[in-house]
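One structure below.
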Amino acid sequence: MPVYNLKINGQSQTVEADQDTPLLWVLRDHLDMVGTKFGCGIGQCGACTIHLDGSATRSCLLKVSMVENMEITTIEGISEDVSHPVQQAWKEIDVPQCGYCQAGQIMSATAFLNENSNPNKSEIRDAMSGNICRCASYNRIERAVELAASKMS
């Protein structure tokens with residue numbers, strides 16, 4: 001079985017996995033990084049969102065063989081103490097209900113705000129539209145992204 005050297009959350013990780021194994025399962029099953037969630041397995045819900053070289057990416061669609069020499073950031077790598085402005089905004093607005101989709105939501109919001117530090121409501125809705133929340137916390141998510149943007153500027 002092939003061995004892959006991955007850079008995850010600033011640390012080198014070596015994993016042995018079949019080349020077709022989705023990165024999501026490498027993170028969860030091989031490295032015990034369970035913050036990234038399985039939702040649909042076809043890249044439509046956003047629960048498995050990670051950053052790949054800074055861009056929000058669905059980890060269920062990425063084969064482990066595709067991500068060597070790339071910077072992977074998971075929800076665990078956003079901050080060790082939940083001090084990132086997006087995480088703080090999520091807490092202040094009390095966004096989560098069931099919480100299942102929130103890691104993916106936070107990863108999408110963080111990547112978006114790194115690219116657009118002063119978004120309007122329409123831009124926030126567009127940026128976050130790829131993440132599904134079964135609890136329909138969309139209004140709180142939007143307010144949290146607005147608050148995070150103000151904290152980051």
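By convention in this document, the chains of the structure tokens carry letters A, B, ... by their order, each chain's residues are numbered from 1, and ligands are numbered from 1 in the order they are shown.
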I'd like the neighbourhood of Met33 of chain A as an mmCIF file with N, CA, C and O atoms, in the first residue's frame, where a residue qualifies if any of its atoms comes within 10 Å (using only C-alpha atoms), though same-chain residues fewer than 6 positions away should be ignored.
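The result, written out as out37.cif:
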data_model
loop_
_atom_site.group_PDB
_atom_site.id
_atom_site.type_symbol
_atom_site.label_atom_id
_atom_site.label_comp_id
_atom_site.auth_asym_id
_atom_site.auth_seq_id
_atom_site.Cartn_x
_atom_site.Cartn_y
_atom_site.Cartn_z
ATOM 1 N N LEU A 24 -11.024 12.836 3.172
ATOM 2 C CA LEU A 24 -11.923 12.836 4.328
ATOM 3 C C LEU A 24 -11.679 11.617 5.209
ATOM 4 O O LEU A 24 -11.575 11.721 6.431
ATOM 5 N N TRP A 25 -11.577 10.436 4.592
ATOM 6 C CA TRP A 25 -11.420 9.203 5.374
ATOM 7 C C TRP A 25 -10.004 9.066 5.909
ATOM 8 O O TRP A 25 -9.807 8.476 6.973
ATOM 9 N N VAL A 26 -9.031 9.616 5.208
ATOM 10 C CA VAL A 26 -7.665 9.631 5.741
ATOM 11 C C VAL A 26 -7.643 10.476 7.011
ATOM 12 O O VAL A 26 -7.093 10.067 8.039
ATOM 13 N N LEU A 27 -8.252 11.657 6.947
ATOM 14 C CA LEU A 27 -8.294 12.530 8.122
ATOM 15 C C LEU A 27 -9.000 11.844 9.283
ATOM 16 O O LEU A 27 -8.478 11.799 10.406
ATOM 17 N N THR A 74 -7.505 21.733 8.524
ATOM 18 C CA THR A 74 -8.802 21.226 8.972
ATOM 19 C C THR A 74 -9.347 22.172 10.039
ATOM 20 O O THR A 74 -8.663 23.101 10.473
ATOM 21 N N ILE A 75 -10.547 21.908 10.503
ATOM 22 C CA ILE A 75 -11.132 22.722 11.559
ATOM 23 C C ILE A 75 -10.226 22.731 12.790
ATOM 24 O O ILE A 75 -10.126 23.747 13.482
ATOM 25 N N GLU A 76 -9.524 21.633 13.038
ATOM 26 C CA GLU A 76 -8.617 21.566 14.184
ATOM 27 C C GLU A 76 -7.446 22.537 14.036
ATOM 28 O O GLU A 76 -6.859 22.947 15.034
#
Q: Might you pull out every residue within 10 Å of Gln102 of chain A, with only C-alpha atoms counted and same-chain residues fewer than 2 positions away left off, and present them as a list of chain:residue names?
A: A:Gly35, A:Thr36, A:Lys37, A:Gly46, A:Ala47, A:Cys48, A:Thr49, A:Ile75, A:Gln87, A:Trp90, A:Val95, A:Pro96, A:Gln97, A:Cys98, A:Gly99, A:Tyr100, A:Gly104, A:Gln105, A:Ile106, A:Met107, A:Ser108, A:Asn131, A:Ile132, A:Cys133, A:Ser137, A:Ile141
Neighbour list for Ser122 of chain A as a compact mmCIF listing (two decimals) with C-alpha atoms, in the first residue's frame, cut-off 12 Å, only C-alpha atoms, skip fewer than 5 positions in-chain:
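Printed below is part_26.txt as written:
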# COMPACT_ATOMS: atom_id res chain seq x y z
CA ALA A 127 -20.15 32.31 -0.53
CA MET A 128 -22.01 30.19 2.01
CA SER A 129 -24.62 28.76 -0.37
CA GLU A 142 -24.97 35.11 7.88
CA VAL A 145 -19.96 35.90 9.04
CA GLU A 146 -20.77 39.63 9.20
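Atom CA of Ile72 of chain A is found 15.6 Å from atom CA of Asn114 of chain A.
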Q: Record the distance separating atom CA of Asp94 of chain A and atom CA of Arg143 of chain A, expressed in Å with one decimal.
A: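 Atom CA of Arg143 of chain A lies 10.1 Å from atom CA of Asp94 of chain A.
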Q. Restricting the calculation to only C-alpha atoms, which member of A:Gln13, A:Gln88, A:Asp53, A:Gly130 is positioned closest to Ser150 of chain A?
A.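 Going through A:Gln13, A:Gln88, A:Asp53, A:Gly130 one by one, the smallest distance to Ser150 of chain A is for A:Gln88.
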Q.
Report as an MDAnalysis selection string all protein, DNA and RNA residues lying within 8 Å of Val67 of chain A, evaluated on only C-alpha atoms, omitting residues in the same chain fewer than 4 positions from it.
A. chainID A and resid 6 62:63
Q.
Counting only C-alpha atoms, which residue out of A:Gln11, A:Ser55, A:Gln44, A:Ser65 sits closest to Leu23 of chain A?
A. A:Ser65
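As for atom CA of Glu71 of chain A and atom CA of Leu52 of chain A, they are spaced 5.7 Å apart.
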Q.
So, with only C-alpha atoms as the atoms that count, which of A:Arg134, A:His84, A:Lys91, A:Arg28 lies closest to Ala149 of chain A?
A.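 Smallest distance to Ala149 of chain A is found for A:His84.
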Q: List every residue of segment 34-83 of chain A that DSSP, applied to the backbone, labels as strand (DSSP E), and write the result as a PyMOL selection string.
A: chain A and resi 49-52+55-58+71-73
Could you turn the residues from that selection into a file that holds N, CA and C atoms, as a PDB file, in the first residue's frame?
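selection30.pdb written:
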ATOM      1  N   THR A  49     -15.769  20.225   4.383  1.00  0.00           N
ATOM      2  CA  THR A  49     -14.922  21.299   3.871  1.00  0.00           C
ATOM      3  C   THR A  49     -13.651  21.468   4.694  1.00  0.00           C
ATOM      4  N   ILE A  50     -12.532  21.536   3.986  1.00  0.00           N
ATOM      5  CA  ILE A  50     -11.212  21.818   4.550  1.00  0.00           C
ATOM      6  C   ILE A  50     -10.613  22.922   3.687  1.00  0.00           C
ATOM      7  N   HIS A  51      -9.445  23.403   4.061  1.00  0.00           N
ATOM      8  CA  HIS A  51      -8.712  24.332   3.200  1.00  0.00           C
ATOM      9  C   HIS A  51      -7.581  23.562   2.540  1.00  0.00           C
ATOM     10  N   LEU A  52      -7.457  23.714   1.260  1.00  0.00           N
ATOM     11  CA  LEU A  52      -6.362  23.137   0.494  1.00  0.00           C
ATOM     12  C   LEU A  52      -5.626  24.307  -0.135  1.00  0.00           C
ATOM     13  N   SER A  55      -7.766  27.436   0.005  1.00  0.00           N
ATOM     14  CA  SER A  55      -9.092  27.470  -0.629  1.00  0.00           C
ATOM     15  C   SER A  55     -10.014  26.430   0.001  1.00  0.00           C
ATOM     16  N   ALA A  56     -11.264  26.810   0.225  1.00  0.00           N
ATOM     17  CA  ALA A  56     -12.255  25.874   0.745  1.00  0.00           C
ATOM     18  C   ALA A  56     -12.476  24.769  -0.283  1.00  0.00           C
ATOM     19  N   THR A  57     -12.334  23.529   0.172  1.00  0.00           N
ATOM     20  CA  THR A  57     -12.389  22.373  -0.726  1.00  0.00           C
ATOM     21  C   THR A  57     -13.113  21.228  -0.027  1.00  0.00           C
ATOM     22  N   ARG A  58     -13.866  20.461  -0.786  1.00  0.00           N
ATOM     23  CA  ARG A  58     -14.584  19.303  -0.244  1.00  0.00           C
ATOM     24  C   ARG A  58     -13.632  18.107  -0.159  1.00  0.00           C
ATOM     25  N   GLU A  71      -0.808  22.286   1.251  1.00  0.00           N
ATOM     26  CA  GLU A  71      -1.102  22.656   2.638  1.00  0.00           C
ATOM     27  C   GLU A  71      -2.568  22.355   2.925  1.00  0.00           C
ATOM     28  N   ILE A  72      -2.804  21.451   3.864  1.00  0.00           N
ATOM     29  CA  ILE A  72      -4.155  21.058   4.250  1.00  0.00           C
ATOM     30  C   ILE A  72      -4.434  21.648   5.629  1.00  0.00           C
ATOM     31  N   THR A  73      -5.560  22.338   5.750  1.00  0.00           N
ATOM     32  CA  THR A  73      -5.973  22.848   7.050  1.00  0.00           C
ATOM     33  C   THR A  73      -7.362  22.315   7.345  1.00  0.00           C
TER      34      THR A  73
END
Q) A:Glu115, A:Cys45, A:Gly77, A:Leu31: which is nearest Cys101 of chain A, counting only C-alpha atoms? A) A:Cys45
